[in-house]
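Novice: The structure file structure_20.cif (mmCIF, C-alpha atoms and all ligand atoms) is provided below.
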```cif
data_data
#
loop_
_atom_site.label_atom_id
_atom_site.label_comp_id
_atom_site.auth_asym_id
_atom_site.auth_seq_id
_atom_site.Cartn_x
_atom_site.Cartn_y
_atom_site.Cartn_z
CA MET W 9 -174.20 53.09 44.87
CA SER W 10 -175.54 56.63 44.51
CA ASN W 11 -173.13 59.47 45.25
CA LEU W 12 -175.71 62.13 46.05
CA PRO W 13 -174.91 64.45 48.97
CA ILE W 14 -176.15 63.01 52.27
CA THR W 15 -178.27 64.85 54.84
CA LEU W 16 -178.53 63.43 58.36
CA ILE W 17 -181.52 64.22 60.56
CA GLY W 18 -180.14 64.02 64.09
CA CYS W 19 -176.74 64.85 65.52
CA GLY W 20 -176.10 62.38 68.38
CA ALA W 21 -174.44 58.98 68.52
CA GLN W 22 -176.35 57.54 65.56
CA ALA W 23 -175.20 60.48 63.39
CA LYS W 24 -171.61 59.82 64.47
CA TYR W 25 -171.93 56.17 63.45
CA ALA W 26 -173.46 57.15 60.12
CA ILE W 27 -170.66 59.65 59.33
CA GLU W 28 -168.06 56.99 60.14
CA ILE W 29 -169.80 54.35 58.03
CA PHE W 30 -170.28 56.67 55.05
CA ALA W 31 -166.62 57.79 55.25
CA ARG W 32 -165.56 54.14 55.04
CA THR W 33 -167.66 53.68 51.94
CA GLY W 34 -166.29 56.85 50.30
CA ARG W 35 -169.36 59.03 50.85
CA LEU W 36 -169.54 62.41 52.51
CA VAL W 37 -172.23 63.82 54.75
CA SER W 38 -172.90 67.39 53.61
CA ARG W 39 -175.64 68.47 56.04
CA VAL W 40 -176.62 67.61 59.61
CA LEU W 41 -180.00 68.82 60.89
CA ASP W 42 -181.05 68.92 64.57
CA PRO W 43 -184.79 68.20 65.07
CA LEU W 44 -184.48 68.73 68.83
CA GLY W 45 -182.82 72.14 68.36
CA TYR W 46 -180.23 71.82 71.14
CA ARG W 47 -177.06 71.73 69.05
CA VAL W 48 -177.75 74.10 66.17
CA GLY W 49 -174.56 76.00 65.24
CA GLU W 50 -172.23 73.40 66.79
CA GLN W 51 -169.93 71.33 64.61
CA LEU W 52 -170.20 67.61 63.97
CA GLY W 53 -166.89 66.78 62.30
CA ASP W 54 -166.56 69.19 59.39
CA VAL W 55 -170.27 69.95 59.21
CA SER W 56 -172.09 72.76 61.00
CA ILE W 57 -175.38 71.60 62.58
CA GLU W 58 -178.43 73.35 61.10
CA PRO W 59 -182.00 73.59 62.37
CA PHE W 60 -184.48 71.02 61.11
CA ASN W 61 -187.46 72.34 59.21
CA LEU W 62 -189.60 69.60 57.72
CA SER W 63 -191.40 71.60 55.05
CA LEU W 64 -188.18 73.34 53.99
CA LEU W 65 -186.45 69.98 53.80
CA ILE W 66 -189.16 68.57 51.59
CA GLN W 67 -189.29 71.66 49.37
CA ASN W 68 -185.58 72.36 49.30
CA LYS W 69 -184.24 71.64 45.86
CA ARG W 70 -181.06 70.20 47.32
CA CYS W 71 -183.16 67.65 49.14
CA THR W 72 -185.52 66.42 46.49
CA LYS W 73 -185.60 62.76 45.61
CA ILE W 74 -183.36 63.51 42.65
CA ASN W 75 -180.74 65.59 44.42
CA SER W 76 -180.16 64.29 47.91
CA SER W 77 -180.24 61.29 50.21
CA VAL W 78 -181.39 61.39 53.82
CA LEU W 79 -180.87 59.20 56.90
CA ILE W 80 -182.68 59.76 60.22
CA CYS W 81 -180.26 59.29 63.11
CA LEU W 82 -182.29 59.54 66.33
CA SER W 83 -182.27 57.30 69.38
CA ASP W 84 -185.90 58.15 70.26
CA ASN W 85 -187.68 55.47 68.24
CA LYS W 86 -191.02 57.32 68.24
CA ILE W 87 -189.60 60.64 67.00
CA LYS W 88 -187.70 58.70 64.35
CA ARG W 89 -190.96 56.98 63.31
CA ASP W 90 -192.86 60.27 63.09
CA ILE W 91 -190.22 61.99 60.94
CA PHE W 92 -189.77 58.89 58.78
CA ARG W 93 -193.48 58.71 58.00
CA LYS W 94 -193.56 62.39 57.03
CA ILE W 95 -190.63 62.23 54.61
CA ASP W 96 -191.11 58.71 53.23
CA ASN W 97 -191.88 58.76 49.47
CA LYS W 98 -190.89 62.45 49.27
CA ILE W 99 -187.17 62.11 49.97
CA ASN W 100 -184.71 59.36 49.16
CA ILE W 101 -184.09 57.57 52.47
CA ILE W 102 -180.88 55.52 52.47
CA ASN W 103 -179.08 52.96 54.63
CA ALA W 104 -175.70 53.18 56.38
CA ILE W 105 -174.28 49.66 56.42
CA HIS W 106 -170.82 49.17 57.84
CA PRO W 107 -168.55 47.27 55.43
CA LYS W 108 -167.48 45.06 58.33
CA SER W 109 -170.99 43.81 59.03
CA SER W 110 -172.20 40.52 57.56
CA ILE W 111 -175.55 40.54 55.81
CA ALA W 112 -176.93 37.22 54.49
CA SER W 113 -177.95 37.34 50.84
CA THR W 114 -181.37 35.92 51.72
CA SER W 115 -182.08 38.50 54.42
CA GLU W 116 -184.41 41.42 53.66
CA LEU W 117 -183.44 44.96 54.58
CA LYS W 118 -185.79 47.94 54.31
CA LYS W 119 -184.56 51.54 54.39
CA GLY W 120 -183.34 54.13 56.86
CA LEU W 121 -181.16 51.52 58.59
CA ILE W 122 -177.88 51.93 60.43
CA ILE W 123 -176.02 48.62 60.71
CA ASN W 124 -172.75 48.91 62.59
CA ALA W 125 -169.44 47.02 62.55
CA GLY W 126 -169.54 43.35 63.46
CA ALA W 127 -173.31 43.00 63.20
CA VAL W 128 -174.38 39.68 61.68
CA ILE W 129 -177.72 39.36 59.92
CA GLN W 130 -178.35 35.68 59.21
CA PRO W 131 -180.34 33.99 56.40
CA TYR W 132 -184.00 34.91 55.94
CA ALA W 133 -183.93 37.52 58.70
CA LYS W 134 -186.00 40.66 57.97
CA ILE W 135 -185.10 44.15 59.15
CA GLY W 136 -187.80 46.84 58.93
CA ASN W 137 -187.51 50.56 58.18
CA GLY W 138 -185.47 52.87 60.39
CA CYS W 139 -183.88 50.20 62.60
CA MET W 140 -180.60 50.78 64.45
CA ILE W 141 -178.48 47.62 64.61
CA HIS W 142 -175.45 48.36 66.81
CA ALA W 143 -171.96 46.86 66.83
CA GLY W 144 -171.73 43.12 67.32
CA VAL W 145 -175.47 42.38 67.23
CA VAL W 146 -176.44 38.92 65.98
CA VAL W 147 -179.84 38.54 64.34
CA GLU W 148 -180.26 34.82 63.75
CA HIS W 149 -182.09 33.10 60.90
CA ASP W 150 -185.76 33.89 60.24
CA SER W 151 -185.96 36.61 62.90
CA VAL W 152 -188.17 39.60 62.09
CA ILE W 153 -187.21 43.05 63.35
CA ASN W 154 -190.06 45.48 62.81
CA ASP W 155 -189.73 49.19 61.96
CA PHE W 156 -187.83 51.63 64.23
CA ALA W 157 -186.40 48.97 66.56
CA ASN W 158 -183.05 49.62 68.26
CA LEU W 159 -180.76 46.68 69.05
CA ALA W 160 -177.91 47.88 71.31
CA PRO W 161 -174.32 46.59 71.16
CA GLY W 162 -173.85 42.86 71.55
CA VAL W 163 -177.52 41.85 71.54
CA THR W 164 -178.13 38.26 70.40
CA LEU W 165 -181.46 37.27 68.92
CA ALA W 166 -181.79 33.54 68.35
CA GLY W 167 -183.69 32.10 65.37
CA GLY W 168 -187.27 33.09 64.68
CA VAL W 169 -187.44 35.93 67.19
CA VAL W 170 -189.96 38.69 66.45
CA VAL W 171 -189.09 42.19 67.65
CA GLY W 172 -192.05 44.59 67.53
CA GLU W 173 -192.10 48.11 66.11
CA GLY W 174 -190.07 50.61 68.12
CA VAL W 175 -188.67 48.07 70.59
CA THR W 176 -185.32 48.80 72.28
CA VAL W 177 -183.21 45.82 73.33
CA ASN W 178 -180.32 47.11 75.45
CA SER W 179 -176.68 46.03 75.46
CA GLY W 180 -175.82 42.37 75.64
CA ALA W 181 -179.35 41.02 76.05
CA ILE W 182 -180.04 37.51 74.75
CA VAL W 183 -183.42 36.49 73.34
CA VAL W 184 -184.06 32.74 72.94
CA PRO W 185 -185.65 31.22 69.79
CA ASN W 186 -189.16 32.15 68.66
CA VAL W 187 -189.81 34.68 71.42
CA GLU W 188 -191.90 37.73 70.48
CA ILE W 189 -191.32 41.19 71.98
CA GLY W 190 -194.33 43.53 71.73
CA LYS W 191 -194.28 47.05 70.24
CA TYR W 192 -192.29 49.76 72.05
CA ALA W 193 -191.21 47.45 74.87
CA ILE W 194 -187.74 48.05 76.37
CA ILE W 195 -185.50 45.16 77.40
CA GLY W 196 -182.81 46.04 79.96
CA ALA W 197 -179.10 45.47 79.39
CA GLY W 198 -177.82 41.95 80.01
CA SER W 199 -181.27 40.37 80.14
CA LEU W 200 -182.04 36.79 79.22
CA VAL W 201 -185.45 36.82 77.52
CA LEU W 202 -187.02 33.36 77.75
CA HIS W 203 -190.70 34.19 77.18
CA ASP W 204 -192.80 36.59 75.09
CA ILE W 205 -192.83 40.18 76.36
CA PRO W 206 -196.00 42.24 75.89
CA ALA W 207 -196.08 45.63 74.18
CA GLY W 208 -195.18 48.82 76.06
CA VAL W 209 -193.40 47.40 79.09
CA LEU W 210 -189.91 47.62 80.59
CA ALA W 211 -188.52 44.14 81.31
CA TYR W 212 -185.11 43.09 82.54
CA GLY W 213 -183.14 40.48 84.44
CA SER W 214 -182.19 36.86 83.97
CA PRO W 215 -184.73 35.55 83.24
CA ALA W 216 -186.32 38.84 82.14
CA LYS W 217 -189.40 39.91 84.12
CA ILE W 218 -191.78 42.79 83.50
CA VAL W 219 -190.78 45.68 85.75
CA LYS W 220 -193.30 48.33 84.73
CA ARG W 221 -195.64 49.61 82.05
CA LEU W 222 -194.22 52.50 80.07
CA ASP W 223 -196.18 55.68 79.43
CA GLU W 224 -197.51 56.19 75.93
C1 LIG K 1 -183.52 49.85 80.52
C2 LIG K 1 -182.73 50.53 81.62
C3 LIG K 1 -182.30 51.91 81.17
C4 LIG K 1 -183.66 50.56 82.82
O1 LIG K 1 -183.10 51.25 83.82
P1 LIG K 1 -184.00 52.02 84.92
O2 LIG K 1 -185.43 51.69 84.86
O3 LIG K 1 -183.63 53.43 84.79
O4 LIG K 1 -183.51 51.37 86.19
P2 LIG K 1 -182.73 52.10 87.35
O5 LIG K 1 -181.38 52.48 86.85
O6 LIG K 1 -183.61 53.17 87.92
O7 LIG K 1 -182.58 50.92 88.37
C5 LIG K 1 -183.67 50.44 89.13
C6 LIG K 1 -183.29 49.10 89.72
O8 LIG K 1 -183.33 48.11 88.70
C7 LIG K 1 -182.05 47.50 88.53
N1 LIG K 1 -181.78 47.36 87.10
C8 LIG K 1 -181.85 48.32 86.16
N2 LIG K 1 -181.54 47.81 84.96
C9 LIG K 1 -181.29 46.50 85.17
C10 LIG K 1 -180.92 45.45 84.30
N3 LIG K 1 -180.77 45.65 82.97
N4 LIG K 1 -180.74 44.23 84.79
C11 LIG K 1 -180.90 44.00 86.12
N5 LIG K 1 -181.26 44.96 87.00
C12 LIG K 1 -181.45 46.20 86.52
C13 LIG K 1 -181.07 48.46 89.18
O9 LIG K 1 -179.94 47.76 89.65
C14 LIG K 1 -181.88 49.07 90.28
O10 LIG K 1 -181.88 48.20 91.38
P3 LIG K 1 -181.71 48.80 92.87
O11 LIG K 1 -182.90 49.71 93.05
O12 LIG K 1 -181.74 47.57 93.73
O13 LIG K 1 -180.42 49.52 92.86
C15 LIG K 1 -181.46 49.72 81.95
O14 LIG K 1 -181.85 48.42 82.35
C16 LIG K 1 -180.51 49.56 80.76
O15 LIG K 1 -180.69 48.69 79.94
N6 LIG K 1 -179.46 50.37 80.69
C17 LIG K 1 -178.44 50.25 79.63
C18 LIG K 1 -178.87 50.94 78.34
C19 LIG K 1 -177.98 50.52 77.18
O16 LIG K 1 -177.60 49.38 77.01
N7 LIG K 1 -177.67 51.46 76.34
C20 LIG K 1 -176.83 51.21 75.19
C21 LIG K 1 -177.08 52.27 74.16
S1 LIG K 1 -175.87 52.17 72.88
#
```
Turn this file's structure into structure tokens for me.
Specialist:
Amino acid sequence: MSNLPITLIGCGAQAKYAIEIFARTGRLVSRVLDPLGYRVGEQLGDVSIEPFNLSLLIQNKRCTKINSSVLICLSDNKIKRDIFRKIDNKINIINAIHPKSSIASTSELKKGLIINAGAVIQPYAKIGNGCMIHAGVVVEHDSVINDFANLAPGVTLAGGVVVGEGVTVNSGAIVVPNVEIGKYAIIGAGSLVLHDIPAGVLAYGSPAKIVKRLDE
């Protein structure tokens, strides 16, 4: 594993998870940048939060592909997507994978992922770029999680589920086999998802029903 200094983009909960995961794997976070600008100058652990400047980040010698590694830690899936697309192929984007997660050897992981303690990724599952897989999530065999999806603590996806780009599945929801959740949909906590959910809606309940369309 590379030992380059790590820069985090974002300073909320996902950054806290990433710092904890990297510490457990013997790696230190040297910079934390705040794209939203609210917490510049505050401390996150031992690191002082700095402003985020995309062009400086890309030009900065400390952050070239050769000299630094970056992870985007933002709970807004769309802002994460936009920053990811701007820095991809210019900066080395890495994963934070908790040593107490279980990742099947036949699964496929892209980059910019945070996978927390107790998450289980089963055989032939695929996890796209920039996904957040929280503590205790189970992604069963052959499921496909597209880019920038966020699976909250304790979510269970049965086999062959397809989660669209930028989807959020909130805490403890269960999705039955082969269901497809459309892009940027949000599934409420504790839901039981029995049928496909279209893109861009909020759905919750047991069984989950569409509650409203979400604004673009
Ligand atoms: C997606 C979510 C935020 C939607 O909430 P919302 O649209 O703001 O809904 P509100 O809080 O305004 O509640 C509106 C109504 O829907 C109900 N409701 C909201 N979420 C519900 C859910 N997941 N299941 C069942 N009913 C729900 C509320 O009880 C409320 O009913 P009432 O008007 O009779 O009191 C919410 O369902 C959710 O999942 N919250 C947890 C987020 C989470 O897990 N975060 C973890 C991050 S690590």
Novice: Could you give me, as CSV, every stretch 70-184 of chain W residue with an atom at most 10 Å from stretch 208-221 of chain W, plus its closest atom pair and distance in Å to one decimal, counting all atoms listed in the file, rows ordered by chain then number?
Specialist:
```
residue,atom,partner,partner_atom,distance
W:Gly174,CA,W:Gly208,CA,9.6
W:Val175,CA,W:Gly208,CA,8.5
W:Thr176,CA,W:Leu210,CA,9.6
W:Val177,CA,W:Ala211,CA,9.7
W:Asn178,CA,W:Tyr212,CA,9.5
W:Ala181,CA,W:Tyr212,CA,8.9
W:Ile182,CA,W:Ser214,CA,9.5
W:Val183,CA,W:Ala216,CA,9.6
```
Novice: Work out how far apart atom C21 of ligand LIG 1 (chain K) and atom CA of W:Leu62 are and give it in Å to one decimal.
Specialist: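 Atom-to-atom, atom C21 of ligand LIG 1 (chain K) to atom CA of W:Leu62, that is 27.0 Å.
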Novice: Report, in Å with one decimal, the straight-line distance from atom C7 of ligand LIG 1 (chain K) to atom CA of W:Gly198.
Specialist: 11.0 Å
Novice: Atom CA of W:Ile195 and atom CA of W:Lys108 are how many Å apart?
Specialist: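 Computed distance, atom CA of W:Ile195 to atom CA of W:Lys108, equals 26.2 Å.
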Novice: Could you check which of W:His142, W:Lys118, W:Lys86, W:Arg35 is closest to ligand LIG 1 (chain K), using all atoms listed in the file?
Specialist: W:His142
